[in-house]
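Structure file entry_23.cif (mmCIF, C-alpha atoms) is printed below.
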```cif
data_final
#
loop_
_atom_site.label_atom_id
_atom_site.label_comp_id
_atom_site.auth_asym_id
_atom_site.auth_seq_id
_atom_site.Cartn_x
_atom_site.Cartn_y
_atom_site.Cartn_z
CA MET A 1 0.00 0.00 0.00
CA PHE A 2 2.76 2.38 1.04
CA SER A 3 4.88 1.59 -2.04
CA ASP A 4 1.80 2.12 -4.30
CA LEU A 5 1.31 5.57 -2.83
CA ASN A 6 5.00 6.30 -3.30
CA LYS A 7 4.81 5.24 -6.93
CA MET A 8 1.73 7.36 -7.51
CA SER A 9 3.33 10.45 -5.98
CA SER A 10 6.49 10.04 -8.09
CA VAL A 11 4.33 9.61 -11.22
CA LEU A 12 2.45 12.80 -10.33
CA LYS A 13 5.74 14.61 -9.64
CA TYR A 14 7.20 13.66 -13.05
CA SER A 15 3.97 14.39 -14.90
CA ARG A 16 3.89 17.87 -13.26
CA LEU A 17 7.50 18.47 -14.29
CA GLY A 18 6.65 17.36 -17.81
CA LEU A 19 3.65 19.67 -17.95
CA CYS A 20 5.75 22.61 -16.74
CA GLY A 21 8.37 21.85 -19.40
CA LEU A 22 5.67 21.66 -22.07
CA LEU A 23 4.15 24.99 -21.00
CA ALA A 24 7.58 26.66 -20.89
CA GLY A 25 8.30 25.32 -24.38
CA ILE A 26 5.00 26.68 -25.70
CA ALA A 27 5.66 30.07 -24.08
CA LEU A 28 9.16 30.28 -25.53
CA SER A 29 8.07 29.21 -28.98
CA SER A 30 5.23 31.77 -28.93
CA CYS A 31 7.71 34.49 -27.92
CA GLU A 32 10.02 33.56 -30.78
CA GLY A 33 7.04 33.50 -33.06
CA ARG A 34 6.14 37.05 -32.06
CA HIS A 35 9.61 38.28 -32.93
CA SER A 36 9.58 36.63 -36.29
CA GLU A 37 6.11 37.87 -37.25
CA VAL A 38 5.90 41.02 -39.36
CA ARG A 39 3.43 42.88 -37.06
CA PRO A 40 0.40 41.14 -35.70
CA ALA A 41 -2.76 43.20 -35.35
CA SER A 42 -3.44 43.69 -31.63
CA ASN A 43 -7.14 44.15 -32.26
CA PRO A 44 -8.97 41.75 -34.54
CA ASN A 45 -11.31 44.61 -35.57
CA ALA A 46 -8.46 47.06 -36.16
CA GLU A 47 -8.72 46.83 -39.90
CA GLY A 48 -12.43 46.20 -39.99
CA TRP A 49 -15.14 48.82 -39.71
CA ASP A 50 -16.62 48.83 -36.22
CA ARG A 51 -19.75 50.91 -36.64
CA HIS A 52 -20.63 50.91 -32.96
CA GLN A 53 -17.17 52.17 -32.02
CA ALA A 54 -17.34 54.82 -34.74
CA GLU A 55 -20.82 55.94 -33.58
CA MET A 56 -19.47 56.33 -30.06
CA GLU A 57 -16.44 58.28 -31.25
CA TYR A 58 -18.62 60.47 -33.44
CA ARG A 59 -21.03 61.27 -30.63
CA LEU A 60 -18.14 62.16 -28.33
CA THR A 61 -16.43 64.34 -30.95
CA GLN A 62 -19.65 66.06 -31.98
CA THR A 63 -20.54 66.77 -28.38
CA GLU A 64 -17.09 68.14 -27.67
CA LEU A 65 -17.26 70.24 -30.83
CA THR A 66 -20.53 71.75 -29.62
CA LEU A 67 -18.96 72.55 -26.24
CA ALA A 68 -15.79 73.90 -27.85
CA LYS A 69 -17.84 76.43 -29.78
CA LEU A 70 -19.15 77.92 -26.54
CA ASP A 71 -17.20 80.61 -24.69
CA ARG A 72 -17.06 78.79 -21.38
CA PRO A 73 -14.85 76.00 -20.08
CA TYR A 74 -15.99 72.41 -19.78
CA MET A 75 -14.63 69.50 -17.80
CA VAL A 76 -13.28 66.25 -19.17
CA LEU A 77 -12.92 63.08 -17.12
CA ASP A 78 -10.32 61.39 -19.26
CA PHE A 79 -10.18 57.76 -18.19
CA ALA A 80 -8.11 56.92 -21.27
CA SER A 81 -5.16 59.00 -20.08
CA ASN A 82 -6.18 59.00 -16.44
CA GLN A 83 -6.56 62.74 -15.92
CA VAL A 84 -9.12 65.42 -15.15
CA GLU A 85 -9.05 68.33 -17.59
CA LEU A 86 -10.63 71.72 -18.04
CA LYS A 87 -10.90 72.76 -21.65
CA LEU A 88 -11.75 76.02 -23.33
CA LYS A 89 -12.47 76.17 -27.06
CA GLY A 90 -11.34 72.56 -27.40
CA THR A 91 -7.94 73.24 -25.79
CA ILE A 92 -6.66 71.99 -22.45
CA VAL A 93 -6.30 74.93 -20.06
CA TRP A 94 -5.83 72.88 -16.91
CA ASN A 95 -5.17 69.21 -16.29
CA CYS A 96 -4.31 67.03 -13.36
CA LEU A 97 -3.47 63.35 -13.13
CA MET A 98 -6.05 61.27 -11.31
CA GLU A 99 -4.08 60.28 -8.24
CA ILE A 100 -6.56 57.95 -6.67
CA THR A 101 -6.45 57.12 -2.98
CA GLN A 102 -8.10 54.11 -1.40
CA PHE A 103 -7.54 52.43 -4.73
CA ASP A 104 -10.43 50.24 -5.70
CA SER A 105 -10.27 49.09 -9.29
CA GLN A 106 -13.93 48.08 -9.18
CA GLU A 107 -14.98 51.65 -8.34
CA LEU A 108 -12.84 52.92 -11.17
CA LYS A 109 -14.59 50.58 -13.61
CA GLU A 110 -17.96 51.40 -12.10
CA PHE A 111 -17.63 55.16 -12.55
CA PRO A 112 -17.38 55.31 -16.37
CA ALA A 113 -19.85 52.44 -16.70
CA ARG A 114 -22.44 54.25 -14.58
CA PHE A 115 -21.71 57.59 -16.30
CA MET A 116 -22.39 56.07 -19.71
CA GLY A 117 -25.24 53.79 -18.67
CA ASN A 118 -27.18 51.79 -21.22
CA GLU A 119 -27.62 54.91 -23.35
CA GLU A 120 -23.83 55.29 -23.62
CA ARG A 121 -23.91 58.92 -22.50
CA VAL A 122 -20.76 60.89 -23.17
CA MET A 123 -21.69 64.04 -21.27
CA LEU A 124 -23.43 65.00 -18.05
CA PRO A 125 -23.76 68.38 -16.37
CA LEU A 126 -22.21 68.81 -12.95
CA VAL A 127 -25.10 68.82 -10.50
CA ASP A 128 -23.40 70.27 -7.44
CA LYS A 129 -20.22 70.67 -5.43
CA TYR A 130 -19.69 70.77 -1.73
CA LEU A 131 -16.78 72.09 0.32
CA PHE A 132 -16.25 70.16 3.53
CA ALA A 133 -13.19 72.02 4.73
CA GLY A 134 -10.99 74.83 3.50
CA GLU A 135 -8.36 77.32 4.45
CA GLU A 136 -8.18 81.02 3.68
CA LYS A 137 -5.56 81.58 1.03
CA THR A 138 -4.30 85.04 1.90
CA PRO A 139 -3.01 86.02 5.34
CA ASP A 140 -4.72 89.00 6.94
CA SER A 141 -1.46 90.96 6.89
CA VAL A 142 -1.35 90.77 3.09
CA LEU A 143 -5.02 91.67 2.82
CA ALA A 144 -4.35 94.73 4.99
CA ILE A 145 -1.71 95.89 2.48
CA VAL A 146 -4.09 95.17 -0.39
CA GLY A 147 -6.76 97.18 1.36
CA SER A 148 -4.44 100.16 1.58
CA VAL A 149 -3.39 99.85 -2.07
CA THR A 150 -6.74 99.17 -3.69
CA ASN A 151 -10.26 100.15 -2.83
CA VAL A 152 -11.46 96.58 -3.01
CA ASP A 153 -13.17 94.96 -0.08
CA PRO A 154 -10.67 92.41 1.34
CA GLU A 155 -13.54 89.92 1.69
CA LEU A 156 -13.80 89.90 -2.09
CA LEU A 157 -10.12 89.12 -2.44
CA GLN A 158 -10.10 86.16 -0.11
CA ARG A 159 -10.08 82.70 -1.59
CA ASP A 160 -10.86 79.47 0.19
CA VAL A 161 -8.21 76.90 -0.63
CA PRO A 162 -10.23 73.72 -0.46
CA ALA A 163 -8.98 70.98 1.82
CA ARG A 164 -11.72 68.51 0.93
CA PHE A 165 -14.63 68.81 -1.47
CA GLN A 166 -16.98 66.66 -3.53
CA LEU A 167 -18.33 67.01 -7.05
CA PHE A 168 -21.68 65.41 -7.87
CA TRP A 169 -23.28 64.27 -11.08
CA ASP A 170 -26.55 62.45 -11.64
CA TYR A 171 -26.78 58.67 -11.53
CA GLY A 172 -24.98 58.53 -8.17
CA LEU A 173 -21.61 59.75 -9.44
CA THR A 174 -19.32 61.44 -6.94
CA ILE A 175 -15.66 62.42 -7.00
CA GLU A 176 -14.08 63.55 -3.79
CA VAL A 177 -10.94 65.70 -3.88
CA ARG A 178 -8.57 65.86 -0.95
CA THR A 179 -5.47 67.94 -0.37
CA LYS A 180 -2.78 67.82 2.30
CA ILE A 181 -4.21 70.97 3.90
CA ALA A 182 -5.99 70.28 7.17
CA GLY A 183 -8.45 73.15 6.68
CA LYS A 184 -11.23 74.41 8.86
CA PRO A 185 -14.46 72.42 8.61
CA ARG A 186 -17.40 74.32 7.10
CA SER A 187 -20.96 73.92 8.33
CA VAL A 188 -21.08 70.83 10.52
CA VAL A 189 -24.81 70.33 9.94
CA LYS A 190 -24.61 70.67 6.16
CA SER A 191 -21.58 68.40 6.01
CA ALA A 192 -23.48 65.81 8.04
CA LEU A 193 -26.41 66.09 5.62
CA VAL A 194 -24.12 65.60 2.63
CA GLU A 195 -22.56 62.56 4.30
CA LEU A 196 -26.08 61.28 5.03
CA ARG A 197 -27.07 61.76 1.40
CA HIS A 198 -24.02 59.73 0.44
CA THR A 199 -24.97 56.95 2.86
CA LEU A 200 -28.62 56.92 1.75
CA ARG A 201 -27.65 56.84 -1.89
CA SER A 202 -25.39 53.80 -1.52
CA PRO A 203 -28.10 51.12 -1.57
CA PHE A 204 -29.51 52.65 -4.78
CA GLY A 205 -26.14 52.37 -6.45
CA GLU A 206 -23.35 54.89 -6.75
CA ALA A 207 -19.82 55.29 -7.98
CA TYR A 208 -17.44 57.21 -5.80
CA PHE A 209 -13.71 57.64 -5.60
CA VAL A 210 -11.21 59.93 -3.93
CA LEU A 211 -8.54 61.96 -5.72
CA ASN A 212 -5.46 63.49 -4.14
CA MET A 213 -4.54 66.93 -5.45
CA ASN A 214 -2.10 69.67 -4.66
CA PRO A 215 -3.78 72.78 -3.20
CA ASP A 216 -3.35 74.96 -6.33
CA ASP A 217 -4.98 72.36 -8.57
CA ALA A 218 -7.75 71.77 -6.05
CA LEU A 219 -8.37 75.53 -5.89
CA THR A 220 -8.68 75.78 -9.67
CA LEU A 221 -10.98 72.78 -9.96
CA TYR A 222 -13.14 73.81 -7.03
CA ARG A 223 -13.59 77.39 -8.23
CA ALA A 224 -13.96 76.58 -11.92
CA ALA A 225 -16.44 73.75 -11.39
CA HIS A 226 -19.93 75.17 -11.21
CA GLN A 227 -23.42 73.78 -11.20
CA GLY A 228 -24.39 72.79 -14.73
CA MET A 229 -20.80 72.65 -16.00
CA PRO A 230 -20.75 70.23 -18.94
CA THR A 231 -18.64 67.19 -18.17
CA LEU A 232 -17.39 64.91 -20.92
CA LEU A 233 -16.22 61.39 -20.36
CA TYR A 234 -13.42 59.85 -22.38
CA PRO A 235 -13.95 56.16 -21.67
CA PRO A 236 -11.06 53.89 -20.66
CA GLU A 237 -9.37 52.15 -23.56
CA MET B 1 -50.25 37.50 15.12
CA LYS B 2 -50.40 40.91 16.81
CA HIS B 3 -46.62 40.97 17.00
CA TRP B 4 -46.37 40.20 13.28
CA ARG B 5 -48.64 43.18 12.46
CA PHE B 6 -46.61 45.45 14.71
CA TYR B 7 -43.34 44.45 13.05
CA ALA B 8 -44.82 44.84 9.55
CA MET B 9 -46.08 48.32 10.43
CA THR B 10 -42.75 49.35 11.92
CA VAL B 11 -40.86 48.14 8.86
CA SER B 12 -43.31 49.98 6.55
CA VAL B 13 -42.96 53.22 8.51
CA LEU B 14 -39.16 52.95 8.54
CA LEU B 15 -39.09 52.20 4.81
CA ALA B 16 -41.37 55.17 4.05
CA ALA B 17 -39.20 57.42 6.24
CA TYR B 18 -36.06 56.18 4.48
CA ILE B 19 -37.48 56.80 1.01
CA GLY B 20 -38.83 60.18 2.13
CA ALA B 21 -35.46 61.22 3.54
CA TRP B 22 -33.69 60.00 0.43
CA LEU B 23 -36.00 61.96 -1.85
CA THR B 24 -35.67 65.08 0.32
CA ILE B 25 -31.92 64.99 0.61
CA THR B 26 -31.08 63.91 -2.93
CA GLY B 27 -33.78 66.02 -4.52
CA GLY B 28 -35.34 62.87 -5.96
CA SER B 29 -34.57 61.88 -9.50
CA SER B 30 -35.80 65.13 -11.02
CA GLN B 31 -32.36 65.92 -12.37
CA GLN B 32 -31.85 62.60 -14.06
CA GLY B 33 -32.33 62.61 -17.77
CA ARG B 34 -33.00 66.36 -17.94
CA GLU B 35 -32.24 68.05 -21.20
CA ALA B 36 -28.97 69.93 -21.30
CA PRO B 37 -29.11 73.56 -22.46
CA TRP B 38 -26.44 72.89 -25.11
CA GLY B 39 -28.51 70.23 -26.86
CA ASP B 40 -29.03 66.52 -26.63
CA SER B 41 -25.73 64.85 -27.39
CA LEU B 42 -27.33 61.42 -27.55
CA SER B 43 -29.26 62.18 -30.72
CA VAL B 44 -26.07 62.57 -32.76
CA THR B 45 -25.77 59.70 -35.22
CA LEU B 46 -23.46 58.92 -38.11
CA PRO B 47 -24.84 58.82 -41.65
CA GLU B 48 -25.70 55.43 -43.13
CA GLY B 49 -23.06 53.73 -45.25
CA GLU B 50 -19.46 53.06 -44.28
CA GLY B 51 -17.88 55.56 -46.67
CA ALA B 52 -20.14 58.47 -45.73
CA ALA B 53 -19.81 57.64 -42.04
CA LYS B 54 -15.99 57.55 -42.16
CA LYS B 55 -15.94 60.82 -44.06
CA GLU B 56 -18.23 62.52 -41.57
CA LEU B 57 -16.23 61.21 -38.59
CA ALA B 58 -13.01 62.50 -40.13
CA ARG B 59 -14.66 65.88 -40.81
CA VAL B 60 -15.74 66.48 -37.19
CA LYS B 61 -12.40 65.26 -35.82
CA ASN B 62 -10.61 67.64 -38.14
CA GLU B 63 -12.91 70.50 -37.17
CA LEU B 64 -12.22 69.90 -33.49
CA SER B 65 -8.46 69.56 -33.90
CA LYS B 66 -8.37 72.79 -35.93
CA MET B 67 -9.61 74.63 -32.85
CA LYS B 68 -6.48 73.65 -30.94
CA PRO B 69 -3.49 75.97 -31.26
CA SER B 70 -0.63 74.64 -33.35
CA ARG B 71 1.99 76.30 -31.12
CA PRO B 72 2.51 76.83 -27.38
CA TYR B 73 -0.11 79.04 -25.77
CA ILE B 74 -0.58 81.13 -22.62
CA VAL B 75 -3.19 80.15 -20.05
CA ILE B 76 -4.27 82.53 -17.31
CA ASP B 77 -6.05 80.77 -14.48
CA THR B 78 -7.90 83.54 -12.64
CA HIS B 79 -9.08 81.09 -9.97
CA ALA B 80 -5.65 80.18 -8.63
CA ASN B 81 -3.79 83.19 -10.12
CA ILE B 82 -1.43 81.01 -12.11
CA LEU B 83 -0.09 81.80 -15.57
CA THR B 84 1.26 78.95 -17.68
CA PHE B 85 2.94 78.92 -21.04
CA ARG B 86 2.23 75.46 -22.32
CA THR B 87 1.33 72.91 -24.93
CA GLU B 88 -1.41 70.32 -24.38
CA ASP B 89 1.22 67.90 -23.07
CA SER B 90 3.77 69.99 -21.22
CA ILE B 91 4.19 73.13 -19.14
CA LEU B 92 6.98 75.38 -20.44
CA LEU B 93 6.58 78.09 -17.81
CA ARG B 94 4.46 78.32 -14.68
CA ALA B 95 4.25 81.52 -12.70
CA THR B 96 2.18 83.06 -9.95
CA CYS B 97 0.33 86.10 -11.23
CA SER B 98 -2.36 88.52 -10.10
CA THR B 99 -5.60 88.99 -11.98
CA GLY B 100 -8.67 91.20 -11.74
CA SER B 101 -10.25 91.81 -8.35
CA GLY B 102 -13.82 91.91 -9.59
CA GLY B 103 -14.25 95.17 -7.68
CA GLU B 104 -16.53 97.95 -8.85
CA LEU B 105 -15.83 101.69 -9.08
CA ILE B 106 -18.43 104.37 -9.73
CA ASP B 107 -17.45 107.93 -10.62
CA PRO B 108 -19.47 110.04 -8.18
CA GLY B 109 -19.35 112.97 -10.61
CA THR B 110 -20.57 111.35 -13.80
CA GLY B 111 -21.94 108.00 -12.65
CA ARG B 112 -19.53 106.13 -14.92
CA ARG B 113 -18.98 102.57 -13.70
CA TRP B 114 -16.01 100.19 -14.00
CA ILE B 115 -15.78 96.52 -13.03
CA PHE B 116 -12.20 95.37 -12.59
CA ASP B 117 -12.34 91.88 -14.04
CA THR B 118 -9.82 90.11 -16.24
CA PRO B 119 -11.77 89.26 -19.39
CA ARG B 120 -12.39 85.53 -19.91
CA GLY B 121 -12.07 83.86 -23.28
CA VAL B 122 -9.50 83.38 -26.01
CA PHE B 123 -7.25 86.24 -27.12
CA LYS B 124 -3.95 86.70 -28.90
CA VAL B 125 -0.74 88.52 -28.00
CA LYS B 126 -1.07 91.65 -30.11
CA SER B 127 1.91 93.67 -28.94
CA LYS B 128 5.23 93.31 -27.11
CA LEU B 129 6.59 96.38 -25.37
CA THR B 130 9.84 97.03 -23.53
CA ASP B 131 10.00 99.67 -20.78
CA PRO B 132 6.30 100.39 -21.12
CA TRP B 133 4.83 103.56 -19.66
CA TRP B 134 1.39 103.41 -18.20
CA ARG B 135 -1.06 105.96 -19.52
CA LYS B 136 -3.33 106.22 -16.51
CA PRO B 137 -6.99 106.00 -17.40
CA ASP B 138 -9.68 108.12 -15.74
CA TRP B 139 -10.52 105.49 -13.13
CA ALA B 140 -6.96 105.59 -11.76
CA PHE B 141 -7.53 109.23 -10.75
CA ILE B 142 -11.09 108.72 -9.55
CA GLU B 143 -9.96 105.83 -7.38
CA GLU B 144 -7.38 108.07 -5.71
CA ASN B 145 -9.85 110.95 -5.37
CA GLU B 146 -7.67 113.03 -7.68
CA THR B 147 -8.72 115.42 -10.42
CA ILE B 148 -8.49 114.01 -13.92
CA PRO B 149 -5.64 115.95 -15.60
CA LYS B 150 -6.21 117.85 -18.83
CA ASP B 151 -2.59 117.50 -19.93
CA PRO B 152 -2.04 113.95 -21.30
CA ARG B 153 1.58 114.01 -20.08
CA GLU B 154 0.31 114.04 -16.50
CA ARG B 155 -1.22 110.64 -17.10
CA LEU B 156 2.08 108.92 -17.83
CA ASP B 157 3.70 106.66 -15.25
CA PRO B 158 7.04 105.05 -16.23
CA GLU B 159 7.32 102.68 -13.22
CA MET B 160 4.02 100.90 -12.73
CA LEU B 161 4.15 98.28 -15.54
CA GLY B 162 7.67 96.95 -14.96
CA ASP B 163 10.17 96.14 -17.73
CA PHE B 164 7.90 94.49 -20.29
CA ALA B 165 4.28 94.30 -21.36
CA LEU B 166 2.40 91.91 -23.61
CA GLY B 167 -0.84 93.34 -24.92
CA PHE B 168 -3.70 90.91 -25.47
CA GLY B 169 -6.38 93.26 -26.66
CA ASP B 170 -8.65 96.10 -25.51
CA ASP B 171 -5.97 97.71 -23.33
CA TYR B 172 -5.38 94.55 -21.30
CA PHE B 173 -1.74 93.63 -20.71
CA ILE B 174 0.42 91.04 -19.04
CA HIS B 175 2.97 93.27 -17.30
CA GLY B 176 5.24 93.66 -14.29
CA THR B 177 4.40 95.16 -10.94
CA ILE B 178 5.88 97.15 -8.11
CA TYR B 179 3.68 95.13 -5.73
CA GLU B 180 5.30 91.70 -6.10
CA ARG B 181 4.23 90.76 -2.59
CA LEU B 182 0.64 90.74 -3.79
CA LEU B 183 1.21 88.17 -6.53
CA GLY B 184 -1.25 85.32 -6.16
CA VAL B 185 -4.04 87.63 -5.00
CA ASN B 186 -6.85 88.98 -7.20
CA VAL B 187 -5.97 92.64 -6.88
CA THR B 188 -5.62 94.09 -10.37
CA HIS B 189 -7.90 96.31 -12.42
CA GLY B 190 -8.10 93.61 -15.10
CA CYS B 191 -4.53 93.33 -16.33
CA VAL B 192 -2.34 90.36 -15.44
CA ARG B 193 0.66 91.08 -13.23
CA LEU B 194 3.76 88.91 -13.14
CA GLY B 195 6.98 88.99 -11.13
CA SER B 196 9.92 90.53 -13.02
CA ASP B 197 11.87 87.27 -13.58
CA ASP B 198 8.85 85.35 -14.86
CA LEU B 199 7.84 88.30 -17.01
CA LYS B 200 11.27 88.37 -18.67
CA ARG B 201 11.15 84.62 -19.33
CA LEU B 202 7.65 84.88 -20.81
CA TYR B 203 8.54 87.92 -22.91
CA ASP B 204 11.58 86.11 -24.35
CA GLN B 205 9.62 82.99 -25.32
CA VAL B 206 6.34 84.38 -26.61
CA PRO B 207 5.94 85.67 -30.15
CA ILE B 208 3.19 88.02 -31.30
CA GLY B 209 0.11 86.02 -32.26
CA THR B 210 0.45 83.54 -29.37
CA PRO B 211 -3.03 82.49 -28.21
CA VAL B 212 -4.01 83.56 -24.68
CA TYR B 213 -6.68 81.52 -22.87
CA VAL B 214 -8.21 83.15 -19.82
CA PHE B 215 -10.56 81.18 -17.57
#
```

Can the structure in the file be given as structure tokens, please?
Amino acid sequence: MFSDLNKMSSVLKYSRLGLCGLLAGIALSSCEGRHSEVRPASNPNAEGWDRHQAEMEYRLTQTELTLAKLDRPYMVLDFASNQVELKLKGTIVWNCLMEITQFDSQELKEFPARFMGNEERVMLPLVDKYLFAGEEKTPDSVLAIVGSVTNVDPELLQRDVPARFQLFWDYGLTIEVRTKIAGKPRSVVKSALVELRHTLRSPFGEAYFVLNMNPDDALTLYRAAHQGMPTLLYPPE
Amino acid sequence: MKHWRFYAMTVSVLLAAYIGAWLTITGGSSQQGREAPWGDSLSVTLPEGEGAAKKELARVKNELSKMKPSRPYIVIDTHANILTFRTEDSILLRATCSTGSGGELIDPGTGRRWIFDTPRGVFKVKSKLTDPWWRKPDWAFIEENETIPKDPRERLDPEMLGDFALGFGDDYFIHGTIYERLLGVNVTHGCVRLGSDDLKRLYDQVPIGTPVYVF
């Protein structure tokens, strides 16, 4: 009995070794094959006409063309090159790499999928933004000098550098931006309500992720993003 | 049996409260599917037939790419007070600037009104000046409670604009400042102020005709 088991285990051992050798051989031969080939097409449809793909590209380009003809900036969530952009007249005027914290690849897939939905939407207007915490950009001493030089109310000159804010679109889409600034919390009650909205939305489906940004970029995005701002989505490749 | 009814009622009330709260806080689904003011992008379809479709796709792509500048361009970010000289892919120069305050001035004598905003949109560098002199407009005197001079020579100020100025239309300039400490703050009357070193670098790199994007 014992010797039978021994035999069996040695047979298994050799067959495993053989299988590994076979797989390694196949892998090597396929690598050599790749070098010797002229240039294999990476996409089987690359040379064919993919109408659905073309329709999608056309809709995206036409929509962007419409937005580029307006005199106001629009936002692009570019999942193909992994960046958030602001564009004016079709030209990038601000861009920032999506440095995602609490990395969850599922959320990242979910966001563009939910944005596009079954209708394959390429654009949505920004519904709202909310500042959780911020810090005043200009020290009072500088504002005092400004006050003596110009006749402008120092209140008007002050800018909140956002420490943490959220951008909202329909269909349960939220992007949260965080900076390294600690910041002073804004309205505790309103922040709690926004958090509650987030919690209540979850069971109905949502896509949410957190981006890290430097304070200057966060300031630009927070101030430029306004309710109704057209937001285009370049889908991931 | 009584217990079962009580639990069912409690669950129903809690569910109704939950849905009510959700609708109140999220504003319901009224925003979903609303029509955008710039048109319905989903109704855009390619023409039938492969040839016509390819041609149309190429046409719109070409039209969009023609809108992009073929050379480096200036971007003035009035939100963060940052000026960049850039291409779509790289930043060639990044500098802290000062842009319009958004303040308002009314001439008590005539009722004339000025709003000190940096204009938003797309412009071009129209002029490049060295050692520019500022010809003070009326508001500069009104702001200081001074009488508007009749002699045009009394309007000239050789110091205020620094060593260089780049005009981008309608008397708006990118120029230097004697108030470098205020860079980064929205304090100007609409022009864009830069520190002297950054201004020199920009002046040296930027030809006339360079697009200027202000947002």

Just need the residues of chain A within 7 Å of chain B, counting only C-alpha atoms, so spit them out as a PDB file with C-alpha atoms, in the coordinates of the input.
```pdb
ATOM      1  CA  GLU A  55     -20.820  55.940 -33.580  1.00  0.00           C
ATOM      2  CA  TYR A  58     -18.620  60.470 -33.440  1.00  0.00           C
ATOM      3  CA  ARG A  59     -21.030  61.270 -30.630  1.00  0.00           C
ATOM      4  CA  THR A  61     -16.430  64.340 -30.950  1.00  0.00           C
ATOM      5  CA  GLN A  62     -19.650  66.060 -31.980  1.00  0.00           C
ATOM      6  CA  THR A  63     -20.540  66.770 -28.380  1.00  0.00           C
ATOM      7  CA  LEU A  65     -17.260  70.240 -30.830  1.00  0.00           C
ATOM      8  CA  ASP A  71     -17.200  80.610 -24.690  1.00  0.00           C
ATOM      9  CA  LYS A  89     -12.470  76.170 -27.060  1.00  0.00           C
ATOM     10  CA  GLY A  90     -11.340  72.560 -27.400  1.00  0.00           C
ATOM     11  CA  THR A  91      -7.940  73.240 -25.790  1.00  0.00           C
ATOM     12  CA  ILE A  92      -6.660  71.990 -22.450  1.00  0.00           C
ATOM     13  CA  VAL A  93      -6.300  74.930 -20.060  1.00  0.00           C
ATOM     14  CA  ARG A 121     -23.910  58.920 -22.500  1.00  0.00           C
ATOM     15  CA  VAL A 152     -11.460  96.580  -3.010  1.00  0.00           C
ATOM     16  CA  LEU A 157     -10.120  89.120  -2.440  1.00  0.00           C
ATOM     17  CA  ASP A 170     -26.550  62.450 -11.640  1.00  0.00           C
ATOM     18  CA  TYR A 171     -26.780  58.670 -11.530  1.00  0.00           C
ATOM     19  CA  ARG A 197     -27.070  61.760   1.400  1.00  0.00           C
ATOM     20  CA  LEU A 200     -28.620  56.920   1.750  1.00  0.00           C
ATOM     21  CA  ASP A 216      -3.350  74.960  -6.330  1.00  0.00           C
ATOM     22  CA  LEU A 219      -8.370  75.530  -5.890  1.00  0.00           C
ATOM     23  CA  THR A 220      -8.680  75.780  -9.670  1.00  0.00           C
ATOM     24  CA  ARG A 223     -13.590  77.390  -8.230  1.00  0.00           C
ATOM     25  CA  ALA A 224     -13.960  76.580 -11.920  1.00  0.00           C
TER      26      ALA A 224
END
```

Fewer than 6 positions away in the same chain doesn't count, so skip those; otherwise give me all residues within 10 Å of Ser187 in chain A, counting only C-alpha atoms, as a PyMOL selection string. chain A and resi 131-133+193

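Atom to atom, CA of Leu199 in chain B and CA of Cys97 in chain B stand 9.7 Å apart.
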
Rounded to one decimal, what separation in Å do you get between CA of Gln83 in chain A and CA of Gly48 in chain A?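 Those two atoms sit 29.8 Å apart.
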
Spatial neighbours of Arg135 in chain B, max dist 10 Å, all atoms listed in the file, sep filter under 3 positions, as a list in words: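 Residues near the query, excluding close chain neighbours: Pro132, Asp138, Ala140, Pro152, Arg153, Glu154, Arg155, Leu156, Asp157, Pro158 and Met160 of chain B.
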
Quick one: distance from CA of Leu88 in chain A to CA of Gly169 in chain B in Å, one decimal? 18.4 Å

Expand the PyMOL selection byres ((chain A and resi 227-237) around 6) into the individual residues it matches in the shown file, reporting them as a ChimeraX atom specification. /A:74-80,122-128,226

Exercise: Gly162 in chain B partners within 8 Å, all atoms listed in the file, chain neighbours under 4 positions left out, as a PDB file with C-alpha atoms, keeping the file's coordinate frame:
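This is the output file out_3.pdb:
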```pdb
ATOM      1  CA  ASP B 131      10.000  99.670 -20.780  1.00  0.00           C
ATOM      2  CA  PRO B 132       6.300 100.390 -21.120  1.00  0.00           C
ATOM      3  CA  HIS B 175       2.970  93.270 -17.300  1.00  0.00           C
ATOM      4  CA  GLY B 176       5.240  93.660 -14.290  1.00  0.00           C
ATOM      5  CA  THR B 177       4.400  95.160 -10.940  1.00  0.00           C
ATOM      6  CA  ILE B 178       5.880  97.150  -8.110  1.00  0.00           C
ATOM      7  CA  SER B 196       9.920  90.530 -13.020  1.00  0.00           C
TER       8      SER B 196
END
```

Using all atoms of range 65-80 of chain A that appear in the file, construct an axis-aligned enclosing box with 8 Å of padding on every side and provide its centre coordinates and edge lengths in Å, rounded to one decimal, as lines of an AutoDock Vina configuration file.
```
center_x = -14.3
center_y = 68.8
center_z = -24.0
size_x = 28.4
size_y = 39.7
size_z = 29.7
```
